[in-house]
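Below you'll find the structure, written out as structure tokens, and then a few comments.
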Amino acid sequence: MFYFGKSFLFLIFLCIICYSQDLQRKGSFVKSQDEFYMEYLKARQKLDRERIEFLVKAYPNWTEELIKKLLVSYLSFYNQRKLDLAGNYIDIAKEIAEQYKKICSKNLMLKQAYFYENLSDDDKNRAFRAITIAYRAKISQDAIYLFSIESSYEESLNNSQINESMRQRWHKENHPLSSEAFISEKTKGQEWAIQDSQEEIPKKYLLLKTQKEIAVYNIDLYKEAMSLLQKIGDYFLFGFVANRLGEQFYTQGQTSDAQTHFLLALDAFERIQDDYSIAKTMVFLGMLSFMKKDYALASSYYERSHTILQKSQDRESLAFLLSNMGALAKEQGKYSQAKECFERSLEIYFLLEDKKKQADALSNLGHIAYIEKEYKKAVKYLEQSSHLARDLKNEYDLMSSLDLLANINTAMGEYQKTQLYLEEKLGIANKRNNTSVVLDALCDLAKAAILQGKREKAKEYYQKKMLILKCTGNTKESKEMEEKIFQLELQQRLEYLAWGIGIVAVFFALKKTYSRIVCGQKR
């Protein structure tokens, strides 16, 4: 009876352990999007509703991404006429979208699933083509290499002619040219553009001459995708593609085109009431307004975006927004507000283990502390930022932090530390062959040496700078360096002269004193 009692208690203990582990698993978090997909599909296979609900509630944005992937797979298999597989994917997508609607109170993904399912065969094909084109554009930055043609075609291209041989080559590469194709732009011997209005969407090819042949690229991919999506009325994907094109124009510095496409994306997302995408688009519109120094409009976009993103689980997008809000407040001199934004973004980047963004936030906090003359705090932040930059081998950001640390230590009168930071900056600049930074660092090192009373060392730095300037043919600045070296040498000579005069004066004073003593003794 005793043994039975022990065994029974042991079994109960095991059951409790297993049950607690099961509960823990149901509420356990995942570390990546791929792990989320695997966990969700495992839970679905086991009909584990509790785990499914937890995952959807904890990761609504990853749930959206999973639904999108399933919808793309549905369109792909449907266009391959693998209808059974296509049916399975759309059913799973709708099932997850139902869960998403129930838990997150958002009907958008379910509506999108039914939208694709109810499209005609032709429109399903257009939708899949648009997705494929947008993906290719993302990979290739809006210019995808197709094939090369012989340089013998150059003469025809220069004469704005597309001969039959060229048409055959395009056909062979599965990019047939229609009878309406023509040379729309040309720079003789360098590049040409062929425009073709074949099929539904006009196509544009960029031809670039290399050493032995002419490379052919397909350009305007995003615009091609947008035209297809407009035809089928897919505002969800249209907004996504317009956003991508806006981002591309933004990185290229084409602010007017970027704004046009971000506004197109915003309009599309507002039509389907996609709050999350609206918020992300507004961040970019805020950044554009910031660049144009329209701070009131930038603040308006950021605040509207913040209202949405602080309720979402997308910590990365929230941190990105907070960083931009911090930059805006900093630019306006609102340092207390800026610090709060950068501190909040830093907390999130620590959770996300994003060292690059941690370093950026710390650098901004250090700069604000420097402006507010809280030098010890500034050094603390910037030392942390520099440490992360060294770990990441991010030499560009490291040089920026070292420069600021040098300025802070100069303000504190710590000139030896100033010199150490500048020497490290100079070493990096030399390694990167960054002449302009090398010249700046040499000049700053000379000033630091002067502050320490090391004029000979300062002269060495100026001489190195003068040599580089002469080698690069910058005669004006090299003459300025010669003048600075001359002034240093003159100061040294004057110091030596003053020192010599002082010694002579002391000598004569001592001699006079000695004479008086001797005379006194004689008396």
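We name chains A, B, ... following the order of the structure tokens; residues begin at 1 in each chain, and ligands are numbered from 1 as shown.
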All residues 10 Å or closer to A:Lys212, only C-alpha atoms, same chain fewer than 4 positions away omitted, as an MDAnalysis selection string: chainID A and resid 148:152
Selection near A:Glu480, 12 Å with only C-alpha atoms, sequence-local residues under 3 positions removed, as an MDAnalysis selection string: chainID A and resid 443 462:463 465:466 469:470 474:477 483:487
Test item, alpha helix (DSSP H) assignment across stretch 140-213 of chain A, answer as a list of chain:residue names: A:Ser140, A:Glu154, A:Glu155, A:Ser156, A:Leu157, A:Asn158, A:Glu164, A:Ser165, A:Met166, A:Arg167, A:Gln168, A:Arg169, A:Trp170, A:His171, A:Lys172
Those in stretch 166-414 of chain A with strand (DSSP E or B) from DSSP, as a ChimeraX atom specification: /A:182-187,191-196,203-209,213-219
Generate a file of the selected residues that holds N, CA and C atoms, formatted as a PDB file, in the first residue's frame.
ATOM      1  N   PHE A 182      10.421  51.031 -80.143  1.00  0.00           N
ATOM      2  CA  PHE A 182      11.259  52.060 -80.780  1.00  0.00           C
ATOM      3  C   PHE A 182      12.347  52.523 -79.802  1.00  0.00           C
ATOM      4  N   ILE A 183      13.390  53.168 -80.364  1.00  0.00           N
ATOM      5  CA  ILE A 183      14.459  53.722 -79.528  1.00  0.00           C
ATOM      6  C   ILE A 183      13.955  55.055 -78.977  1.00  0.00           C
ATOM      7  N   SER A 184      13.720  55.108 -77.655  1.00  0.00           N
ATOM      8  CA  SER A 184      13.138  56.318 -77.063  1.00  0.00           C
ATOM      9  C   SER A 184      14.199  57.311 -76.581  1.00  0.00           C
ATOM     10  N   GLU A 185      15.368  56.809 -76.198  1.00  0.00           N
ATOM     11  CA  GLU A 185      16.452  57.674 -75.717  1.00  0.00           C
ATOM     12  C   GLU A 185      17.775  57.074 -76.170  1.00  0.00           C
ATOM     13  N   LYS A 186      18.796  57.945 -76.333  1.00  0.00           N
ATOM     14  CA  LYS A 186      20.112  57.401 -76.673  1.00  0.00           C
ATOM     15  C   LYS A 186      21.218  58.390 -76.325  1.00  0.00           C
ATOM     16  N   THR A 187      22.340  57.837 -75.896  1.00  0.00           N
ATOM     17  CA  THR A 187      23.583  58.579 -75.744  1.00  0.00           C
ATOM     18  C   THR A 187      24.593  57.780 -76.547  1.00  0.00           C
ATOM     19  N   GLU A 191      24.736  54.465 -74.014  1.00  0.00           N
ATOM     20  CA  GLU A 191      23.500  53.815 -73.565  1.00  0.00           C
ATOM     21  C   GLU A 191      22.328  54.196 -74.459  1.00  0.00           C
ATOM     22  N   TRP A 192      21.345  53.290 -74.469  1.00  0.00           N
ATOM     23  CA  TRP A 192      20.143  53.494 -75.275  1.00  0.00           C
ATOM     24  C   TRP A 192      18.944  52.966 -74.487  1.00  0.00           C
ATOM     25  N   ALA A 193      17.750  53.432 -74.835  1.00  0.00           N
ATOM     26  CA  ALA A 193      16.524  52.924 -74.199  1.00  0.00           C
ATOM     27  C   ALA A 193      15.550  52.519 -75.290  1.00  0.00           C
ATOM     28  N   ILE A 194      14.999  51.315 -75.154  1.00  0.00           N
ATOM     29  CA  ILE A 194      13.967  50.819 -76.083  1.00  0.00           C
ATOM     30  C   ILE A 194      12.646  50.787 -75.334  1.00  0.00           C
ATOM     31  N   GLN A 195      11.627  51.406 -75.901  1.00  0.00           N
ATOM     32  CA  GLN A 195      10.292  51.398 -75.303  1.00  0.00           C
ATOM     33  C   GLN A 195       9.366  50.564 -76.180  1.00  0.00           C
ATOM     34  N   ASP A 196       8.549  49.755 -75.522  1.00  0.00           N
ATOM     35  CA  ASP A 196       7.657  48.863 -76.267  1.00  0.00           C
ATOM     36  C   ASP A 196       6.310  48.797 -75.561  1.00  0.00           C
ATOM     37  N   LYS A 203       6.684  48.394 -71.855  1.00  0.00           N
ATOM     38  CA  LYS A 203       7.941  47.922 -71.283  1.00  0.00           C
ATOM     39  C   LYS A 203       9.075  48.848 -71.715  1.00  0.00           C
ATOM     40  N   LYS A 204      10.092  48.920 -70.873  1.00  0.00           N
ATOM     41  CA  LYS A 204      11.234  49.768 -71.183  1.00  0.00           C
ATOM     42  C   LYS A 204      12.509  48.995 -70.881  1.00  0.00           C
ATOM     43  N   TYR A 205      13.421  48.978 -71.868  1.00  0.00           N
ATOM     44  CA  TYR A 205      14.696  48.283 -71.710  1.00  0.00           C
ATOM     45  C   TYR A 205      15.831  49.301 -71.754  1.00  0.00           C
ATOM     46  N   LEU A 206      16.760  49.163 -70.818  1.00  0.00           N
ATOM     47  CA  LEU A 206      17.943  50.016 -70.808  1.00  0.00           C
ATOM     48  C   LEU A 206      19.119  49.206 -71.339  1.00  0.00           C
ATOM     49  N   LEU A 207      19.838  49.753 -72.316  1.00  0.00           N
ATOM     50  CA  LEU A 207      20.977  49.071 -72.927  1.00  0.00           C
ATOM     51  C   LEU A 207      22.252  49.841 -72.583  1.00  0.00           C
ATOM     52  N   LEU A 208      23.177  49.173 -71.910  1.00  0.00           N
ATOM     53  CA  LEU A 208      24.429  49.813 -71.505  1.00  0.00           C
ATOM     54  C   LEU A 208      25.610  49.104 -72.160  1.00  0.00           C
ATOM     55  N   LYS A 209      26.507  49.904 -72.759  1.00  0.00           N
ATOM     56  CA  LYS A 209      27.662  49.324 -73.440  1.00  0.00           C
ATOM     57  C   LYS A 209      28.752  48.990 -72.422  1.00  0.00           C
ATOM     58  N   GLU A 213      30.479  44.032 -75.147  1.00  0.00           N
ATOM     59  CA  GLU A 213      29.090  43.765 -75.526  1.00  0.00           C
ATOM     60  C   GLU A 213      28.161  44.836 -74.962  1.00  0.00           C
ATOM     61  N   ILE A 214      26.867  44.635 -75.181  1.00  0.00           N
ATOM     62  CA  ILE A 214      25.869  45.588 -74.694  1.00  0.00           C
ATOM     63  C   ILE A 214      24.920  44.824 -73.771  1.00  0.00           C
ATOM     64  N   ALA A 215      24.846  45.263 -72.509  1.00  0.00           N
ATOM     65  CA  ALA A 215      23.986  44.601 -71.520  1.00  0.00           C
ATOM     66  C   ALA A 215      22.579  45.176 -71.597  1.00  0.00           C
ATOM     67  N   VAL A 216      21.576  44.292 -71.504  1.00  0.00           N
ATOM     68  CA  VAL A 216      20.172  44.695 -71.590  1.00  0.00           C
ATOM     69  C   VAL A 216      19.523  44.537 -70.217  1.00  0.00           C
ATOM     70  N   TYR A 217      18.870  45.607 -69.753  1.00  0.00           N
ATOM     71  CA  TYR A 217      18.192  45.597 -68.461  1.00  0.00           C
ATOM     72  C   TYR A 217      16.712  45.909 -68.655  1.00  0.00           C
ATOM     73  N   ASN A 218      15.895  45.359 -67.759  1.00  0.00           N
ATOM     74  CA  ASN A 218      14.467  45.683 -67.737  1.00  0.00           C
ATOM     75  C   ASN A 218      14.248  46.715 -66.633  1.00  0.00           C
ATOM     76  N   ILE A 219      13.749  47.899 -66.974  1.00  0.00           N
ATOM     77  CA  ILE A 219      13.591  48.947 -65.962  1.00  0.00           C
ATOM     78  C   ILE A 219      12.118  49.311 -65.790  1.00  0.00           C
TER      79      ILE A 219
END
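Put simply, atom CA of A:Ala406 is 4.3 Å away from atom CA of A:Thr418.
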Stretch 79-88 of chain A surroundings by only C-alpha atoms, 10 Å radius, close-in-sequence under 5 positions cut, as a PyMOL selection string: chain A and resi 70-74+93+117+121-122+124-126+128-129
